[in-house]
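As provided, work20.txt (compact mmCIF, C-alpha atoms) reads as follows.
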# COMPACT_ATOMS: atom_id res chain seq x y z
CA MET T 1200 -20.39 0.90 -81.75
CA SER T 1201 -17.40 3.02 -82.92
CA ASP T 1202 -17.11 6.78 -83.57
CA GLY T 1203 -14.90 8.53 -86.14
CA HIS T 1204 -12.00 8.70 -83.76
CA GLY T 1205 -11.84 4.90 -83.40
CA MET T 1206 -13.42 4.97 -79.94
CA VAL T 1207 -15.51 2.11 -78.62
CA ILE T 1208 -18.63 3.18 -76.72
CA PHE T 1209 -20.11 0.94 -74.02
CA ALA T 1210 -23.20 1.40 -71.99
CA LEU T 1211 -22.12 0.85 -68.40
CA ASP T 1212 -25.14 -1.18 -67.34
CA THR T 1213 -24.69 -3.53 -70.34
CA LEU T 1214 -21.00 -3.96 -69.53
CA LEU T 1215 -21.65 -4.74 -65.88
CA HIS T 1216 -24.34 -7.26 -66.74
CA ARG T 1217 -22.02 -8.93 -69.22
CA LEU T 1218 -19.14 -9.11 -66.75
CA THR T 1219 -21.39 -10.47 -64.03
CA ASP T 1220 -22.73 -13.24 -66.25
CA GLU T 1221 -19.32 -14.30 -67.57
CA ARG T 1222 -17.18 -13.90 -64.46
CA GLY T 1223 -19.56 -14.68 -61.66
CA VAL T 1224 -18.81 -11.52 -59.66
CA ASN T 1225 -20.06 -7.99 -59.54
CA PRO T 1226 -16.93 -6.17 -60.78
CA GLN T 1227 -17.87 -2.58 -60.06
CA ALA T 1228 -15.09 -1.97 -57.55
CA LEU T 1229 -12.54 -3.75 -59.71
CA PHE T 1230 -13.76 -1.89 -62.77
CA LYS T 1231 -13.23 1.43 -61.04
CA ARG T 1232 -9.70 0.52 -59.95
CA SER T 1233 -8.77 -0.94 -63.34
CA LEU T 1234 -10.12 1.96 -65.32
CA SER T 1235 -8.37 4.48 -63.10
CA ALA T 1236 -5.09 2.59 -63.49
CA ILE T 1237 -5.48 2.37 -67.25
CA ARG T 1238 -6.47 5.97 -67.96
CA GLY T 1239 -4.86 7.66 -64.99
CA ALA T 1240 -8.21 9.26 -64.25
CA PRO T 1241 -10.10 9.45 -60.95
CA PRO T 1242 -12.63 6.67 -60.23
CA VAL T 1243 -15.65 6.94 -62.45
CA GLN T 1244 -19.11 7.58 -61.09
CA PHE T 1245 -21.47 4.81 -62.12
CA GLY T 1246 -24.88 5.58 -63.48
CA HIS T 1247 -27.38 3.37 -65.18
CA THR T 1248 -26.85 4.81 -68.65
CA VAL T 1249 -23.57 6.76 -68.39
CA PRO T 1250 -21.55 5.89 -71.51
CA MET T 1251 -17.84 5.11 -71.21
CA HIS T 1252 -15.39 5.75 -74.04
CA LEU T 1253 -12.52 3.22 -74.26
CA THR T 1254 -10.08 2.62 -77.04
CA PRO T 1255 -9.69 -0.99 -78.24
CA LYS T 1256 -6.28 -1.09 -76.57
CA GLU T 1257 -7.80 0.03 -73.27
CA VAL T 1258 -10.50 -2.63 -73.54
CA CYS T 1259 -7.86 -5.32 -74.05
CA LYS T 1260 -5.90 -4.13 -71.03
CA PHE T 1261 -9.03 -4.03 -68.93
CA TRP T 1262 -10.07 -7.61 -69.75
CA THR T 1263 -6.54 -8.91 -69.12
CA LYS T 1264 -6.39 -7.16 -65.77
CA LEU T 1265 -9.84 -8.45 -64.85
CA LYS T 1266 -8.93 -12.03 -65.71
CA LEU T 1267 -5.66 -12.01 -63.75
CA ASN T 1268 -7.16 -10.45 -60.63
CA VAL T 1269 -10.59 -12.03 -60.43
CA CYS T 1270 -10.25 -15.50 -61.91
CA PRO T 1271 -9.32 -16.55 -59.32
CA PRO T 1272 -8.29 -13.88 -56.79
CA ALA T 1273 -4.73 -14.07 -55.52
CA ALA T 1274 -5.91 -14.41 -51.91
CA PRO T 1275 -9.40 -15.92 -51.92
CA PRO T 1276 -11.50 -15.55 -48.78
CA SER T 1277 -11.87 -18.47 -46.41
CA PRO T 1278 -14.85 -20.75 -46.97
CA THR T 1279 -17.84 -20.37 -44.67
CA LEU T 1280 -18.91 -23.22 -42.38
CA THR T 1281 -22.52 -23.51 -41.27
CA PRO T 1282 -22.95 -23.94 -38.39
CA SER T 1283 -19.74 -22.24 -37.30
CA THR T 1284 -19.69 -24.22 -34.02
CA LEU T 1285 -20.84 -27.74 -33.29
CA LYS T 1286 -22.04 -28.93 -29.89
CA VAL T 1287 -24.25 -32.04 -29.94
CA LYS T 1288 -24.76 -35.36 -28.18
CA GLU T 1289 -23.34 -38.61 -29.48
CA GLY T 1290 -25.69 -40.24 -31.95
CA ALA T 1291 -27.15 -36.98 -33.26
CA SER T 1292 -27.42 -36.43 -37.02
CA VAL T 1293 -25.13 -33.61 -38.14
CA SER T 1294 -25.17 -31.61 -41.38
CA LEU T 1295 -22.22 -29.29 -42.10
CA THR T 1296 -22.28 -26.86 -45.02
CA CYS T 1297 -19.14 -25.40 -46.58
CA SER T 1298 -19.53 -22.45 -48.99
CA ALA T 1299 -16.82 -20.75 -51.06
CA PRO T 1300 -17.09 -17.97 -53.66
CA ALA T 1301 -16.71 -19.03 -57.28
CA PRO T 1302 -15.38 -16.01 -59.23
CA CYS T 1303 -14.65 -18.17 -62.26
CA TRP T 1304 -17.92 -19.69 -63.38
CA SER T 1305 -16.24 -22.20 -65.69
CA HIS T 1306 -13.64 -23.15 -63.04
CA PRO T 1307 -15.30 -23.22 -59.60
CA PRO T 1308 -13.19 -24.17 -56.58
CA ALA T 1309 -12.89 -27.78 -55.47
CA LEU T 1310 -14.12 -28.34 -51.92
CA THR T 1311 -12.70 -31.10 -49.71
CA TRP T 1312 -13.50 -32.20 -46.16
CA SER T 1313 -10.93 -33.42 -43.67
CA PRO T 1314 -11.66 -35.88 -42.27
CA ASN T 1315 -14.37 -37.12 -44.58
CA LEU T 1316 -16.96 -38.29 -42.05
CA GLY T 1317 -19.80 -39.16 -44.39
CA GLN T 1318 -21.42 -38.58 -47.74
CA SER T 1319 -21.20 -35.07 -49.21
CA GLN T 1320 -23.13 -33.33 -51.97
CA GLU T 1321 -21.90 -30.31 -53.97
CA THR T 1322 -23.82 -27.59 -55.78
CA LEU T 1323 -22.98 -24.38 -57.65
CA GLN T 1324 -25.42 -21.57 -56.85
CA GLU T 1325 -26.00 -17.97 -57.82
CA ASN T 1326 -26.84 -15.40 -55.17
CA GLN T 1327 -29.19 -12.45 -55.58
CA ASP T 1328 -26.24 -10.14 -56.20
CA LYS T 1329 -25.22 -12.34 -59.16
CA THR T 1330 -22.20 -13.79 -57.34
CA LYS T 1331 -21.58 -17.52 -57.66
CA VAL T 1332 -20.99 -19.84 -54.70
CA LYS T 1333 -19.75 -23.45 -54.54
CA THR T 1334 -21.39 -25.38 -51.71
CA SER T 1335 -20.67 -28.80 -50.18
CA VAL T 1336 -22.92 -30.43 -47.56
CA MET T 1337 -21.54 -33.31 -45.45
CA ASN T 1338 -23.90 -35.47 -43.37
CA PHE T 1339 -22.72 -37.80 -40.58
CA THR T 1340 -23.64 -39.17 -37.17
CA ALA T 1341 -21.85 -37.62 -34.20
CA SER T 1342 -19.53 -39.98 -32.31
CA HIS T 1343 -17.33 -39.66 -29.24
CA LEU T 1344 -14.41 -40.26 -31.62
CA HIS T 1345 -15.11 -36.87 -33.22
CA HIS T 1346 -14.88 -34.95 -29.95
CA GLY T 1347 -12.05 -32.41 -29.91
CA ASN T 1348 -10.82 -33.37 -33.40
CA LYS T 1349 -10.72 -30.58 -35.98
CA ILE T 1350 -13.05 -30.74 -38.99
CA SER T 1351 -11.90 -28.55 -41.89
CA CYS T 1352 -13.14 -27.56 -45.32
CA THR T 1353 -10.61 -26.50 -47.98
CA ALA T 1354 -11.34 -24.64 -51.21
CA VAL T 1355 -8.78 -25.13 -54.00
CA TYR T 1356 -8.77 -22.55 -56.81
CA GLN T 1357 -7.09 -23.51 -60.08
CA LYS T 1358 -5.12 -20.67 -61.69
CA GLN T 1359 -5.76 -20.08 -65.38
CA ASP T 1360 -2.21 -18.92 -66.16
CA GLY T 1361 -0.58 -22.18 -65.06
CA SER T 1362 0.75 -20.85 -61.77
CA PRO T 1363 0.27 -22.89 -58.56
CA ASP T 1364 -3.24 -23.30 -57.23
CA VAL T 1365 -4.38 -21.16 -54.35
CA THR T 1366 -6.21 -22.59 -51.35
CA ALA T 1367 -8.32 -21.29 -48.50
CA GLU T 1368 -9.42 -23.23 -45.43
CA THR T 1369 -11.76 -22.92 -42.49
CA SER T 1370 -12.40 -25.32 -39.61
CA LEU T 1371 -14.22 -26.02 -36.38
CA THR T 1372 -13.65 -28.28 -33.38
CA PRO T 1373 -16.75 -30.26 -32.41
CA ASP T 1374 -17.87 -30.65 -28.81
CA ILE T 1375 -19.56 -34.04 -28.57
CA SER T 1376 -21.24 -35.08 -25.31
CA TYR T 1377 -21.11 -38.83 -24.57
CA SER T 1378 -21.49 -41.33 -21.74
CA PRO T 1379 -18.39 -42.88 -20.08
CA LYS T 1380 -16.33 -45.05 -22.41
CA ASP T 1381 -13.39 -47.44 -21.82
CA VAL T 1382 -14.18 -47.95 -18.11
CA GLN T 1383 -11.22 -49.83 -16.60
CA ILE T 1384 -9.91 -51.01 -13.21
CA SER T 1385 -6.26 -50.75 -12.16
CA VAL T 1386 -4.97 -52.88 -9.25
CA SER T 1387 -2.23 -52.06 -6.72
CA PRO T 1388 -0.18 -53.98 -5.79
CA SER T 1389 -0.23 -56.22 -8.80
CA CYS T 1390 -1.44 -59.82 -8.40
CA PRO T 1391 -0.89 -62.45 -7.13
CA VAL T 1392 -1.18 -61.49 -3.46
CA PRO T 1393 -1.54 -63.56 -0.27
CA GLU T 1394 -4.98 -63.94 1.23
CA ASN T 1395 -6.02 -61.17 3.67
CA SER T 1396 -3.69 -58.69 1.97
CA ASN T 1397 -4.75 -55.07 1.48
CA MET T 1398 -5.29 -53.93 -2.11
CA THR T 1399 -6.39 -50.69 -3.82
CA LEU T 1400 -8.61 -50.74 -6.91
CA THR T 1401 -8.98 -47.59 -9.03
CA CYS T 1402 -11.70 -46.93 -11.63
CA SER T 1403 -11.05 -44.73 -14.70
CA SER T 1404 -12.95 -43.80 -17.88
CA ASN T 1405 -13.23 -41.41 -20.84
CA ALA T 1406 -16.33 -39.21 -20.72
CA ASN T 1407 -17.69 -35.80 -21.75
CA PRO T 1408 -18.79 -34.17 -19.55
CA ALA T 1409 -16.60 -35.57 -16.78
CA VAL T 1410 -17.75 -38.48 -14.63
CA GLU T 1411 -19.86 -37.38 -11.66
CA ASN T 1412 -19.97 -40.65 -9.74
CA TYR T 1413 -18.08 -43.97 -9.50
CA THR T 1414 -19.67 -47.01 -7.80
CA TRP T 1415 -18.10 -50.35 -6.82
CA TYR T 1416 -19.65 -53.83 -6.81
CA ARG T 1417 -18.59 -57.34 -5.83
CA ALA T 1418 -19.68 -60.24 -8.00
CA ASP T 1419 -20.82 -63.34 -6.11
CA GLY T 1420 -21.86 -65.76 -8.81
CA ASP T 1421 -24.82 -64.15 -10.55
CA GLN T 1422 -25.39 -61.74 -7.69
CA GLU T 1423 -23.98 -58.20 -7.67
CA THR T 1424 -23.36 -56.64 -4.26
CA PHE T 1425 -22.98 -52.88 -3.92
CA ILE T 1426 -19.90 -51.90 -1.89
CA ARG T 1427 -19.43 -48.12 -1.96
CA THR T 1428 -18.97 -45.03 -4.15
CA GLY T 1429 -15.71 -43.28 -5.02
CA ILE T 1430 -12.97 -43.46 -7.60
CA SER T 1431 -10.90 -45.90 -5.46
CA LEU T 1432 -11.70 -48.96 -3.36
CA ASN T 1433 -9.48 -50.29 -0.52
CA ILE T 1434 -10.16 -53.94 0.33
CA LYS T 1435 -8.72 -56.96 2.15
CA VAL T 1436 -8.83 -59.80 -0.35
CA SER T 1437 -9.94 -63.35 0.43
CA ARG T 1438 -11.27 -66.38 -1.40
CA ASP T 1439 -14.77 -64.95 -1.17
CA LYS T 1440 -13.81 -61.41 -2.17
CA ARG T 1441 -11.83 -61.48 -5.36
CA ARG T 1442 -14.18 -60.48 -8.23
CA PHE T 1443 -15.08 -56.81 -8.64
CA PHE T 1444 -16.32 -54.27 -11.19
CA CYS T 1445 -17.09 -50.55 -11.23
CA LYS T 1446 -19.54 -48.20 -12.93
CA ALA T 1447 -18.92 -44.62 -14.11
CA GLU T 1448 -21.80 -42.17 -14.53
CA ASN T 1449 -22.23 -38.67 -15.98
CA GLU T 1450 -25.26 -36.68 -17.06
CA ILE T 1451 -25.38 -38.51 -20.41
CA GLY T 1452 -25.31 -42.11 -19.20
CA VAL T 1453 -23.49 -44.95 -17.42
CA GLY T 1454 -20.51 -47.07 -18.40
CA ARG T 1455 -19.40 -50.35 -16.78
CA SER T 1456 -16.02 -52.03 -16.54
CA ASN T 1457 -15.29 -55.68 -17.21
CA LEU T 1458 -15.19 -58.09 -14.27
CA THR T 1459 -11.79 -58.02 -12.55
CA HIS T 1460 -10.54 -61.32 -11.04
CA LEU T 1461 -7.94 -60.92 -8.30
CA ASP T 1462 -5.26 -63.62 -8.08
CA VAL T 1463 -5.29 -64.58 -4.39
CA GLN T 1464 -2.96 -67.12 -2.74
CA TYR T 1465 -4.84 -69.23 -0.16
CA CYS T 1466 -2.93 -69.89 3.10
CA GLU T 1467 -3.89 -73.55 3.57
CA THR T 1468 -2.97 -74.43 0.04
CA GLN T 1469 -0.04 -72.17 -0.68
CA CYS T 1470 1.07 -69.90 2.13
CA GLY T 1471 0.33 -72.59 4.81
CA PHE T 1472 2.42 -75.17 3.04
CA TYR T 1473 5.49 -73.11 3.76
CA SER T 1474 4.54 -71.76 7.15
CA GLY T 1475 2.87 -74.84 8.75
CA VAL T 1476 3.20 -78.09 6.81
CA LEU T 1477 6.81 -77.85 5.70
CA PRO T 1478 8.38 -77.89 9.21
CA TRP T 1479 6.49 -81.07 10.09
CA VAL T 1480 7.57 -82.67 6.86
CA LEU T 1481 11.20 -81.81 7.54
CA ALA T 1482 10.94 -83.15 11.10
CA GLY T 1483 9.49 -86.41 9.82
CA VAL T 1484 12.25 -86.80 7.28
CA PHE T 1485 14.91 -86.15 9.93
CA PHE T 1486 13.38 -88.72 12.29
CA SER T 1487 13.17 -91.31 9.55
CA VAL T 1488 16.78 -90.78 8.57
CA THR T 1489 17.86 -91.10 12.24
CA VAL T 1490 16.04 -94.40 12.72
CA ILE T 1491 17.47 -95.85 9.51
CA CYS T 1492 20.99 -94.84 10.43
CA ALA T 1493 20.68 -96.34 13.94
CA ALA T 1494 19.39 -99.65 12.57
CA PHE T 1495 22.18 -99.76 10.03
CA LEU T 1496 24.88 -99.21 12.68
CA CYS T 1497 23.46 -101.93 14.89
CA LYS T 1498 23.48 -104.39 12.04
CA VAL T 1499 27.08 -103.54 11.19
CA GLN T 1500 28.22 -104.07 14.79
CA LYS T 1501 26.51 -107.46 14.89
CA ASN T 1502 28.17 -108.61 11.70
CA VAL T 1503 31.71 -107.78 12.91
CA LYS T 1504 31.40 -109.66 16.31
CA PRO T 1505 34.31 -112.29 16.51
CA GLN T 1506 33.54 -115.99 16.45
CA GLU T 1507 34.28 -118.32 19.40
CA GLU T 1508 37.52 -119.71 17.93
CA ASP T 1509 38.89 -116.20 17.57
CA ARG T 1510 38.53 -115.37 21.25
CA THR T 1511 42.15 -116.55 21.90
CA TYR T 1512 43.54 -113.65 19.99
CA MET T 1513 41.03 -111.23 21.46
CA SER T 1514 42.14 -112.23 25.02
CA LEU T 1515 45.86 -111.85 24.43
CA ASN T 1516 47.46 -108.78 25.89
CA ARG T 1517 50.47 -107.52 24.08
CA ARG T 1518 53.60 -107.18 26.09
CA ASN T 1519 57.30 -106.88 25.53
CA VAL T 1520 58.63 -110.33 24.79
CA GLY T 1521 61.41 -111.60 22.78
CA SER T 1522 60.91 -112.12 19.15
CA SER T 1523 61.51 -115.87 19.41
CA GLU T 1524 58.72 -116.22 21.96
CA TYR T 1525 56.28 -114.27 19.81
CA ASP T 1526 57.21 -116.30 16.76
CA ALA T 1527 56.61 -119.50 18.65
CA ILE T 1528 53.09 -118.47 19.58
CA ASN T 1529 52.41 -117.22 16.11
CA THR T 1530 53.34 -120.49 14.50
CA THR T 1531 51.41 -122.70 16.90
CA PRO T 1532 48.92 -124.74 14.89
CA LYS T 1533 45.23 -124.25 15.62

Would you write the structure of this file as structure tokens?
Amino acid sequence: MSDGHGMVIFALDTLLHRLTDERGVNPQALFKRSLSAIRGAPPVQFGHTVPMHLTPKEVCKFWTKLKLNVCPPAAPPSPTLTPSTLKVKEGASVSLTCSAPAPCWSHPPALTWSPNLGQSQETLQENQDKTKVKTSVMNFTASHLHHGNKISCTAVYQKQDGSPDVTAETSLTPDISYSPKDVQISVSPSCPVPENSNMTLTCSSNANPAVENYTWYRADGDQETFIRTGISLNIKVSRDKRRFFCKAENEIGVGRSNLTHLDVQYCETQCGFYSGVLPWVLAGVFFSVTVICAAFLCKVQKNVKPQEEDRTYMSLNRRNVGSSEYDAINTTPK
């Protein structure tokens, strides 16, 4: 409707209803600020049927300002996570809801989960105050792998004027209770070790809440023998005591380690060979070599004994004689 002065008359309640339907927000506060900025007048007082007089130029400025500031807002609020904290036991079914305002009905924000732990379902809803909300629900099963790792929901708003998108994020850190995991045994000193040596075994695990009790067992075939409690076990290893395992327990449950086989050197088969058998072996070898050498020398002496006809030369005693005498003896035929 237009008067003779070219003014456009709006009923305020009709305008607000129209803006709410098209923009997804209740723009009363923005309308007040925009109108004051346009006309330089103090904020208007809203009534159900108070008419407002705007020129066509003022209407154009108002809609432009509304679009730039509301669709989407320059600094959108952070999404809302429900529940805001998460504390459950491992294996429990979890449902997280992320909600973000959608000021632009035709361009609602895109919601993403990080990490994506399960299937999610999105909806676009209208609240009682005519505001629009984008909602994403993610369902998953709680695991010890989720404990202490941040779960976030991000809302991405696409700008209509081509400028970079704006984002808003909210997150929580889940507290997942679980029984001991990755139960392991560490050995000191490292194997192999001689029999009857002292060793220290230590049990460790990953649990929430912390482990309350460690217990130690020795495996004898199919039989399990309880030894003691405590995080560490000091033992003297032998052939009959070389397979062990431990258990870790908290208020959620119990975890068990794999069977640990200790590499033990037996004295009679390994250590004893060097400390007891080897000296006797060396003594035997020495004795054998001595006997062989003695027999060989005796045989050599027997072989070099002169024959009977050679005894003449063996009985001669050398003395100083003339060369002619010596030559005469030397040339005497046998």

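You will find atom CA of Ala1409 of chain T at 6.5 Å from atom CA of Asn1449 of chain T.
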
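Minimum atom-to-atom distances from T:Leu1461, T:Tyr1377, T:Thr1281, T:Ala1354 to Asn1397 of chain T were compared using only C-alpha atoms, and the lowest value belongs to T:Leu1461.
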
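Atom CA of Cys1303 of chain T lies 15.5 Å from atom CA of Ala1367 of chain T.
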
statement: Expressed in Å, the length from atom CA of Gln1324 of chain T to atom CA of Trp1312 of chain T is 19.2 Å

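Among the candidates T:Arg1417, T:Lys1440, T:His1346, T:Lys1329, the residue lying nearest to Lys1288 of chain T is T:His1346 (atoms considered: only C-alpha atoms).
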
Which residues, written as a tab-separated table (two decimals) with C-alpha atoms, in the coordinates of the input, have at least one atom at most 8 Å from Ser1387 of chain T, with only C-alpha atoms counted and residues fewer than 6 positions away on the same chain left out?
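Below you can see part-v6.tsv, which holds the result:
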chain	number	residue	atom	x	y	z
T	1398	MET	CA	-5.29	-53.93	-2.11
T	1399	THR	CA	-6.39	-50.69	-3.82
T	1400	LEU	CA	-8.61	-50.74	-6.91

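Once segment 1389-1394 of chain T and its same-chain neighbours fewer than 5 positions away are set aside, Val1436, Ser1437, Asp1462, Val1463, Gln1464 and Tyr1465 of chain T remain within 6 Å of it when counting only C-alpha atoms.
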
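Each of T:Lys1380, T:Lys1446, T:Ala1299, T:Val1332 was compared to Thr1279 of chain T using all atoms listed in the file, and T:Ala1299 turns out to be the nearest.
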
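Neighbourhood of point (-12.4, -52.1, -16.1): residues with an atom at most 8 Å away, counting all atoms listed in the file, are Asp1381, Val1382, Gln1383, Ile1384, Ser1385, Cys1402, Ser1403, Phe1444, Cys1445, Arg1455, Ser1456, Asn1457, Leu1458 and Thr1459 of chain T.
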
task: Between T:Gly1347, T:Gly1452, T:Pro1308, T:Gly1429, single out the one closest to Pro1379 of chain T, counting only C-alpha atoms.
output: T:Gly1452

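The residue that comes closest to Asn1433 of chain T, out of T:Asn1338, T:Asn1405, T:Ser1396, T:Asn1412 and on the basis of only C-alpha atoms, is T:Ser1396.
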
message: For a quick check of understanding, using only C-alpha atoms, which of T:Asp1374, T:Glu1368, T:Glu1321, T:Glu1289 has the smallest distance to Pro1276 of chain T?
response: T:Glu1368

Quick one: residues within 8 Å of Tyr1356 of chain T, all atoms listed in the file, excluding same-chain residues fewer than 3 positions away - as a tab-separated table (two decimals) with C-alpha atoms, in the frame of the given file?
chain	number	residue	atom	x	y	z
T	1271	PRO	CA	-9.32	-16.55	-59.32
T	1306	HIS	CA	-13.64	-23.15	-63.04
T	1307	PRO	CA	-15.30	-23.22	-59.60
T	1308	PRO	CA	-13.19	-24.17	-56.58
T	1309	ALA	CA	-12.89	-27.78	-55.47
T	1364	ASP	CA	-3.24	-23.30	-57.23
T	1365	VAL	CA	-4.38	-21.16	-54.35
T	1366	THR	CA	-6.21	-22.59	-51.35

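Using only C-alpha atoms, the contacts of Thr1322 of chain T at a cut-off of 10 Å, with sequence neighbours closer than 5 positions omitted, comprise Ser1298, Val1332, Lys1333, Thr1334, Ser1335 and Val1336 of chain T.
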